[in-house]
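Data first, discussion second: the structure below is written as structure tokens.
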Amino acid sequence: MERFILDESRVKSTLENYRRIKDDVAETAVKAGRNVDDVRLMCVTKTVESEYINPVLDDGANLIGENRVQEYCSKLDTLHLDGVEKHIIGHLQTNKVKYIAGKVDMIESVDSIKLAREIDKGFGKVGAVANILVEVNIGNEDSKSGCDINSLEELLLQIAELENVNIQGLMTIPPICSQNEARGYFARMHEKFLMIKEKNYDRVNMNILSMGMSSDYEAAIMEGSNIVRVGSAIFGARKYV
């Protein structure tokens with residue numbers, strides 16, 4: 001096994017990036033006429049070693065997101081997670097649910113009743129309840145996960161019948177586009193979020209609207225996002241092995 005060597009300059013730049021983006025998120029919230037506490041910054045840690053994540057956690061980051069179950073589980077024992085909320089944000093296969101049952105605070109990528117039922121079953125087995133967001137494919141892209149916005153309410157009502165699943169809101173990833181174009185997608189998503197909230201469906205909570213990443217989080221905040229998921233802008237370009 002190759003010996004790990006900590007890059008101190010990367011630790012420094014990561015901390016600088018985190019602090020800058022945290023300040024930028026707060027400033028953008030104010031520009032949008034919102035309270036700075038209304039928008040949370042998620043540090044997306046996909047492919048990032050624990051040695052570079054922990055300095056950010058020690059500096060006050062309290063929300064992380066991981067894409068892959070195997071990677072998430074491999075990091076749990078090495079991260080400084082006291083007081084830190086942990087979300088799964090990537091596409092979740094039904095056969096991987098058992099590995100995270102009771103070990104995550106939220107699953108942001110539920111896009112089918114099949115997956116929701118597997119989560120209900122898996123979390124029920126360990127006496128836990130899963131907080132989830134329903135992922136919407138706002139751009140109707142074949143390459144992306146997420147339910148169609150036109151069938152969203154039907155899916156929410158089906159999931160609401162499950163005993164061990166709590167719907168907390170919605171998540172989306174727009175197509176790759178300019179900030180102005182992205183803002184249009186975010187606005188449409190926020191409009192749907194508010195419409196569902198006003199209907200006050202039983203066991204369908206609209207507390208969280210998770211949208212916006214490294215390239216477009218400012219546009220997302222302006223259009224009502226209250227969780228932005230930022231990875232490469234904090235930790236640098238991802239390394240794929």
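Ligands are numbered from 1 in the order shown, chains are lettered A, B, ... in the order of the structure tokens, and residues start at 1 in each chain.
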Checklist entry - Which residues, written as JSON, numbers by chain, have at least one atom at most 8 Å from A:Ala160, with only C-alpha atoms counted and residues fewer than 5 positions away on the same chain left out? => result {"A": [165, 166, 167, 202, 203, 204]}
Counting only C-alpha atoms, which residues of stretch 15-100 of chain A sit at most 12 Å from some atom of stretch 123-130 of chain A, and what is each one's closest atom pair with its distance in Å to one decimal, listed by chain and rising residue number, as a Markdown table?
| residue | atom | partner | partner_atom | distance |
| --- | --- | --- | --- | --- |
| A:His87 | CA | A:Ala130 | CA | 10.9 |
| A:Ile88 | CA | A:Ala130 | CA | 11.3 |
| A:Val97 | CA | A:Phe123 | CA | 8.4 |
| A:Lys98 | CA | A:Phe123 | CA | 7.7 |
| A:Tyr99 | CA | A:Phe123 | CA | 10.1 |
| A:Ile100 | CA | A:Phe123 | CA | 8.6 |
List as JSON lines every residue of stretch 115-220 of chain A that is in contact with stretch 28-34 of chain A, defined as an atom at most 12 Å from one of its atoms (using only C-alpha atoms), together with the nearest atom pair and the distance in Å rounded to one decimal, sorted by chain and then rising number.
{"residue": "A:Asp216", "atom": "CA", "partner": "A:Thr28", "partner_atom": "CA", "distance": 11.8}
{"residue": "A:Tyr217", "atom": "CA", "partner": "A:Thr28", "partner_atom": "CA", "distance": 9.3}
{"residue": "A:Glu218", "atom": "CA", "partner": "A:Thr28", "partner_atom": "CA", "distance": 6.3}
{"residue": "A:Ala219", "atom": "CA", "partner": "A:Thr28", "partner_atom": "CA", "distance": 8.9}
{"residue": "A:Ala220", "atom": "CA", "partner": "A:Thr28", "partner_atom": "CA", "distance": 9.8}
When DSSP works through the backbone of this structure, what residues of chain A end up as strand (DSSP E or B), shown as a PDB file with N, CA, C and O atoms, in the first residue's frame?
ATOM      1  N   ARG A  40     -27.538  26.563   4.785  1.00  0.00           N
ATOM      2  CA  ARG A  40     -26.451  25.749   5.313  1.00  0.00           C
ATOM      3  C   ARG A  40     -25.484  25.361   4.196  1.00  0.00           C
ATOM      4  O   ARG A  40     -25.895  25.050   3.078  1.00  0.00           O
ATOM      5  N   LEU A  41     -24.216  25.362   4.544  1.00  0.00           N
ATOM      6  CA  LEU A  41     -23.161  24.938   3.622  1.00  0.00           C
ATOM      7  C   LEU A  41     -22.796  23.488   3.892  1.00  0.00           C
ATOM      8  O   LEU A  41     -22.345  23.155   4.987  1.00  0.00           O
ATOM      9  N   MET A  42     -23.013  22.640   2.901  1.00  0.00           N
ATOM     10  CA  MET A  42     -22.594  21.244   2.994  1.00  0.00           C
ATOM     11  C   MET A  42     -21.228  21.091   2.339  1.00  0.00           C
ATOM     12  O   MET A  42     -21.020  21.536   1.207  1.00  0.00           O
ATOM     13  N   CYS A  43     -20.300  20.456   3.034  1.00  0.00           N
ATOM     14  CA  CYS A  43     -18.996  20.121   2.467  1.00  0.00           C
ATOM     15  C   CYS A  43     -19.090  18.732   1.848  1.00  0.00           C
ATOM     16  O   CYS A  43     -19.283  17.742   2.563  1.00  0.00           O
ATOM     17  N   VAL A  44     -18.986  18.666   0.535  1.00  0.00           N
ATOM     18  CA  VAL A  44     -19.102  17.395  -0.180  1.00  0.00           C
ATOM     19  C   VAL A  44     -17.724  16.758  -0.264  1.00  0.00           C
ATOM     20  O   VAL A  44     -16.794  17.314  -0.840  1.00  0.00           O
ATOM     21  N   LEU A  63     -21.847  19.935   8.455  1.00  0.00           N
ATOM     22  CA  LEU A  63     -22.673  19.177   7.521  1.00  0.00           C
ATOM     23  C   LEU A  63     -21.790  18.663   6.390  1.00  0.00           C
ATOM     24  O   LEU A  63     -21.140  19.447   5.704  1.00  0.00           O
ATOM     25  N   ILE A  64     -21.767  17.344   6.202  1.00  0.00           N
ATOM     26  CA  ILE A  64     -21.009  16.755   5.098  1.00  0.00           C
ATOM     27  C   ILE A  64     -21.924  15.891   4.243  1.00  0.00           C
ATOM     28  O   ILE A  64     -22.944  15.369   4.710  1.00  0.00           O
ATOM     29  N   GLY A  65     -21.532  15.758   2.983  1.00  0.00           N
ATOM     30  CA  GLY A  65     -22.280  14.903   2.075  1.00  0.00           C
ATOM     31  C   GLY A  65     -21.342  13.951   1.362  1.00  0.00           C
ATOM     32  O   GLY A  65     -20.266  14.351   0.903  1.00  0.00           O
ATOM     33  N   GLU A  66     -21.738  12.700   1.289  1.00  0.00           N
ATOM     34  CA  GLU A  66     -20.964  11.682   0.568  1.00  0.00           C
ATOM     35  C   GLU A  66     -21.834  11.081  -0.520  1.00  0.00           C
ATOM     36  O   GLU A  66     -23.032  10.887  -0.352  1.00  0.00           O
ATOM     37  N   GLU A  85     -23.617  16.670  10.898  1.00  0.00           N
ATOM     38  CA  GLU A  85     -24.698  15.982  10.211  1.00  0.00           C
ATOM     39  C   GLU A  85     -24.144  15.310   8.956  1.00  0.00           C
ATOM     40  O   GLU A  85     -23.340  15.908   8.236  1.00  0.00           O
ATOM     41  N   LYS A  86     -24.610  14.092   8.684  1.00  0.00           N
ATOM     42  CA  LYS A  86     -24.059  13.297   7.594  1.00  0.00           C
ATOM     43  C   LYS A  86     -25.163  12.929   6.602  1.00  0.00           C
ATOM     44  O   LYS A  86     -26.151  12.295   6.996  1.00  0.00           O
ATOM     45  N   HIS A  87     -24.975  13.316   5.345  1.00  0.00           N
ATOM     46  CA  HIS A  87     -25.967  13.045   4.311  1.00  0.00           C
ATOM     47  C   HIS A  87     -25.369  12.181   3.201  1.00  0.00           C
ATOM     48  O   HIS A  87     -24.205  12.358   2.833  1.00  0.00           O
ATOM     49  N   ILE A  88     -26.181  11.286   2.667  1.00  0.00           N
ATOM     50  CA  ILE A  88     -25.862  10.591   1.425  1.00  0.00           C
ATOM     51  C   ILE A  88     -26.542  11.366   0.307  1.00  0.00           C
ATOM     52  O   ILE A  88     -27.764  11.589   0.343  1.00  0.00           O
ATOM     53  N   MET A 106     -29.448  11.869   6.850  1.00  0.00           N
ATOM     54  CA  MET A 106     -30.396  12.122   5.765  1.00  0.00           C
ATOM     55  C   MET A 106     -29.914  11.474   4.476  1.00  0.00           C
ATOM     56  O   MET A 106     -28.714  11.396   4.224  1.00  0.00           O
ATOM     57  N   ILE A 107     -30.888  11.022   3.675  1.00  0.00           N
ATOM     58  CA  ILE A 107     -30.626  10.534   2.323  1.00  0.00           C
ATOM     59  C   ILE A 107     -31.290  11.524   1.372  1.00  0.00           C
ATOM     60  O   ILE A 107     -32.518  11.677   1.384  1.00  0.00           O
ATOM     61  N   GLU A 108     -30.490  12.191   0.541  1.00  0.00           N
ATOM     62  CA  GLU A 108     -31.010  13.277  -0.293  1.00  0.00           C
ATOM     63  C   GLU A 108     -31.416  12.831  -1.694  1.00  0.00           C
ATOM     64  O   GLU A 108     -31.861  13.665  -2.487  1.00  0.00           O
ATOM     65  N   SER A 109     -31.258  11.567  -1.999  1.00  0.00           N
ATOM     66  CA  SER A 109     -31.370  11.154  -3.406  1.00  0.00           C
ATOM     67  C   SER A 109     -32.412  10.060  -3.614  1.00  0.00           C
ATOM     68  O   SER A 109     -32.191   9.115  -4.367  1.00  0.00           O
ATOM     69  N   VAL A 110     -33.560  10.190  -2.964  1.00  0.00           N
ATOM     70  CA  VAL A 110     -34.629   9.200  -3.137  1.00  0.00           C
ATOM     71  C   VAL A 110     -35.475   9.614  -4.336  1.00  0.00           C
ATOM     72  O   VAL A 110     -36.029  10.718  -4.370  1.00  0.00           O
ATOM     73  N   ALA A 130     -35.626   7.038   8.707  1.00  0.00           N
ATOM     74  CA  ALA A 130     -34.794   7.735   7.732  1.00  0.00           C
ATOM     75  C   ALA A 130     -35.406   9.078   7.360  1.00  0.00           C
ATOM     76  O   ALA A 130     -36.560   9.148   6.931  1.00  0.00           O
ATOM     77  N   ASN A 131     -34.640  10.144   7.539  1.00  0.00           N
ATOM     78  CA  ASN A 131     -35.011  11.441   6.977  1.00  0.00           C
ATOM     79  C   ASN A 131     -34.552  11.461   5.532  1.00  0.00           C
ATOM     80  O   ASN A 131     -33.400  11.108   5.243  1.00  0.00           O
ATOM     81  N   ILE A 132     -35.435  11.862   4.638  1.00  0.00           N
ATOM     82  CA  ILE A 132     -35.095  11.831   3.217  1.00  0.00           C
ATOM     83  C   ILE A 132     -35.507  13.119   2.506  1.00  0.00           C
ATOM     84  O   ILE A 132     -36.393  13.851   2.963  1.00  0.00           O
ATOM     85  N   LEU A 133     -34.834  13.386   1.379  1.00  0.00           N
ATOM     86  CA  LEU A 133     -35.279  14.358   0.403  1.00  0.00           C
ATOM     87  C   LEU A 133     -35.607  13.594  -0.872  1.00  0.00           C
ATOM     88  O   LEU A 133     -34.940  12.612  -1.198  1.00  0.00           O
ATOM     89  N   VAL A 134     -36.604  14.026  -1.562  1.00  0.00           N
ATOM     90  CA  VAL A 134     -36.929  13.419  -2.855  1.00  0.00           C
ATOM     91  C   VAL A 134     -36.199  14.195  -3.944  1.00  0.00           C
ATOM     92  O   VAL A 134     -36.286  15.426  -4.022  1.00  0.00           O
ATOM     93  N   GLU A 135     -35.441  13.464  -4.760  1.00  0.00           N
ATOM     94  CA  GLU A 135     -34.661  14.092  -5.825  1.00  0.00           C
ATOM     95  C   GLU A 135     -35.504  14.269  -7.076  1.00  0.00           C
ATOM     96  O   GLU A 135     -36.151  13.334  -7.543  1.00  0.00           O
ATOM     97  N   VAL A 136     -35.472  15.480  -7.611  1.00  0.00           N
ATOM     98  CA  VAL A 136     -36.235  15.818  -8.815  1.00  0.00           C
ATOM     99  C   VAL A 136     -35.273  16.052  -9.974  1.00  0.00           C
ATOM    100  O   VAL A 136     -34.291  16.788  -9.842  1.00  0.00           O
ATOM    101  N   CYS A 147     -36.878  12.001  -9.996  1.00  0.00           N
ATOM    102  CA  CYS A 147     -38.206  11.792 -10.566  1.00  0.00           C
ATOM    103  C   CYS A 147     -38.598  13.001 -11.418  1.00  0.00           C
ATOM    104  O   CYS A 147     -38.067  14.102 -11.252  1.00  0.00           O
ATOM    105  N   VAL A 165     -39.938   6.275   7.235  1.00  0.00           N
ATOM    106  CA  VAL A 165     -39.365   7.291   6.351  1.00  0.00           C
ATOM    107  C   VAL A 165     -40.042   8.628   6.635  1.00  0.00           C
ATOM    108  O   VAL A 165     -41.266   8.711   6.655  1.00  0.00           O
ATOM    109  N   ASN A 166     -39.232   9.671   6.851  1.00  0.00           N
ATOM    110  CA  ASN A 166     -39.740  11.028   7.035  1.00  0.00           C
ATOM    111  C   ASN A 166     -39.310  11.898   5.863  1.00  0.00           C
ATOM    112  O   ASN A 166     -38.122  12.138   5.676  1.00  0.00           O
ATOM    113  N   ILE A 167     -40.252  12.375   5.093  1.00  0.00           N
ATOM    114  CA  ILE A 167     -39.943  13.302   4.003  1.00  0.00           C
ATOM    115  C   ILE A 167     -39.661  14.670   4.601  1.00  0.00           C
ATOM    116  O   ILE A 167     -40.469  15.215   5.351  1.00  0.00           O
ATOM    117  N   GLN A 168     -38.493  15.227   4.247  1.00  0.00           N
ATOM    118  CA  GLN A 168     -38.113  16.540   4.779  1.00  0.00           C
ATOM    119  C   GLN A 168     -38.019  17.620   3.707  1.00  0.00           C
ATOM    120  O   GLN A 168     -37.816  18.788   4.021  1.00  0.00           O
ATOM    121  N   GLY A 169     -38.136  17.228   2.423  1.00  0.00           N
ATOM    122  CA  GLY A 169     -38.059  18.237   1.378  1.00  0.00           C
ATOM    123  C   GLY A 169     -37.594  17.666   0.060  1.00  0.00           C
ATOM    124  O   GLY A 169     -37.787  16.473  -0.224  1.00  0.00           O
ATOM    125  N   LEU A 170     -36.945  18.515  -0.741  1.00  0.00           N
ATOM    126  CA  LEU A 170     -36.582  18.169  -2.108  1.00  0.00           C
ATOM    127  C   LEU A 170     -35.124  18.493  -2.398  1.00  0.00           C
ATOM    128  O   LEU A 170     -34.524  19.356  -1.759  1.00  0.00           O
ATOM    129  N   MET A 171     -34.569  17.807  -3.390  1.00  0.00           N
ATOM    130  CA  MET A 171     -33.205  18.051  -3.871  1.00  0.00           C
ATOM    131  C   MET A 171     -33.218  18.021  -5.398  1.00  0.00           C
ATOM    132  O   MET A 171     -34.016  17.292  -6.000  1.00  0.00           O
ATOM    133  N   THR A 172     -32.337  18.814  -5.993  1.00  0.00           N
ATOM    134  CA  THR A 172     -32.219  18.761  -7.454  1.00  0.00           C
ATOM    135  C   THR A 172     -30.819  19.150  -7.904  1.00  0.00           C
ATOM    136  O   THR A 172     -30.074  19.820  -7.175  1.00  0.00           O
ATOM    137  N   VAL A 204     -45.825  14.950   4.723  1.00  0.00           N
ATOM    138  CA  VAL A 204     -44.966  15.473   3.663  1.00  0.00           C
ATOM    139  C   VAL A 204     -44.471  16.845   4.115  1.00  0.00           C
ATOM    140  O   VAL A 204     -45.171  17.847   3.992  1.00  0.00           O
ATOM    141  N   ASN A 205     -43.274  16.874   4.685  1.00  0.00           N
ATOM    142  CA  ASN A 205     -42.704  18.121   5.175  1.00  0.00           C
ATOM    143  C   ASN A 205     -41.850  18.766   4.090  1.00  0.00           C
ATOM    144  O   ASN A 205     -41.069  18.098   3.432  1.00  0.00           O
ATOM    145  N   MET A 206     -42.000  20.049   3.929  1.00  0.00           N
ATOM    146  CA  MET A 206     -41.159  20.801   2.997  1.00  0.00           C
ATOM    147  C   MET A 206     -40.309  21.771   3.819  1.00  0.00           C
ATOM    148  O   MET A 206     -40.533  22.989   3.834  1.00  0.00           O
ATOM    149  N   ASN A 207     -39.332  21.208   4.512  1.00  0.00           N
ATOM    150  CA  ASN A 207     -38.428  22.003   5.346  1.00  0.00           C
ATOM    151  C   ASN A 207     -37.125  22.340   4.630  1.00  0.00           C
ATOM    152  O   ASN A 207     -36.492  23.353   4.935  1.00  0.00           O
ATOM    153  N   ILE A 208     -36.716  21.466   3.706  1.00  0.00           N
ATOM    154  CA  ILE A 208     -35.392  21.600   3.076  1.00  0.00           C
ATOM    155  C   ILE A 208     -35.513  21.608   1.562  1.00  0.00           C
ATOM    156  O   ILE A 208     -36.207  20.773   0.979  1.00  0.00           O
ATOM    157  N   LEU A 209     -34.825  22.563   0.951  1.00  0.00           N
ATOM    158  CA  LEU A 209     -34.675  22.598  -0.502  1.00  0.00           C
ATOM    159  C   LEU A 209     -33.176  22.624  -0.783  1.00  0.00           C
ATOM    160  O   LEU A 209     -32.514  23.646  -0.626  1.00  0.00           O
ATOM    161  N   SER A 210     -32.645  21.463  -1.157  1.00  0.00           N
ATOM    162  CA  SER A 210     -31.202  21.296  -1.359  1.00  0.00           C
ATOM    163  C   SER A 210     -30.880  21.442  -2.839  1.00  0.00           C
ATOM    164  O   SER A 210     -31.212  20.583  -3.653  1.00  0.00           O
ATOM    165  N   ILE A 227     -29.896  24.464   1.495  1.00  0.00           N
ATOM    166  CA  ILE A 227     -28.655  23.683   1.615  1.00  0.00           C
ATOM    167  C   ILE A 227     -27.941  23.779   0.266  1.00  0.00           C
ATOM    168  O   ILE A 227     -28.535  23.483  -0.778  1.00  0.00           O
ATOM    169  N   VAL A 228     -26.686  24.221   0.300  1.00  0.00           N
ATOM    170  CA  VAL A 228     -25.870  24.188  -0.917  1.00  0.00           C
ATOM    171  C   VAL A 228     -24.761  23.166  -0.710  1.00  0.00           C
ATOM    172  O   VAL A 228     -24.166  23.082   0.355  1.00  0.00           O
ATOM    173  N   ARG A 229     -24.485  22.375  -1.749  1.00  0.00           N
ATOM    174  CA  ARG A 229     -23.580  21.237  -1.666  1.00  0.00           C
ATOM    175  C   ARG A 229     -22.292  21.579  -2.406  1.00  0.00           C
ATOM    176  O   ARG A 229     -22.263  21.572  -3.636  1.00  0.00           O
ATOM    177  N   VAL A 230     -21.231  21.889  -1.682  1.00  0.00           N
ATOM    178  CA  VAL A 230     -20.002  22.389  -2.294  1.00  0.00           C
ATOM    179  C   VAL A 230     -18.843  21.433  -2.012  1.00  0.00           C
ATOM    180  O   VAL A 230     -18.530  21.157  -0.853  1.00  0.00           O
TER     181      VAL A 230
END
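Of the listed residues (A:Leu157, A:Ile221, A:Ala237, A:Leu162), A:Leu157 comes nearest to A:Tyr201; the distances count only C-alpha atoms.
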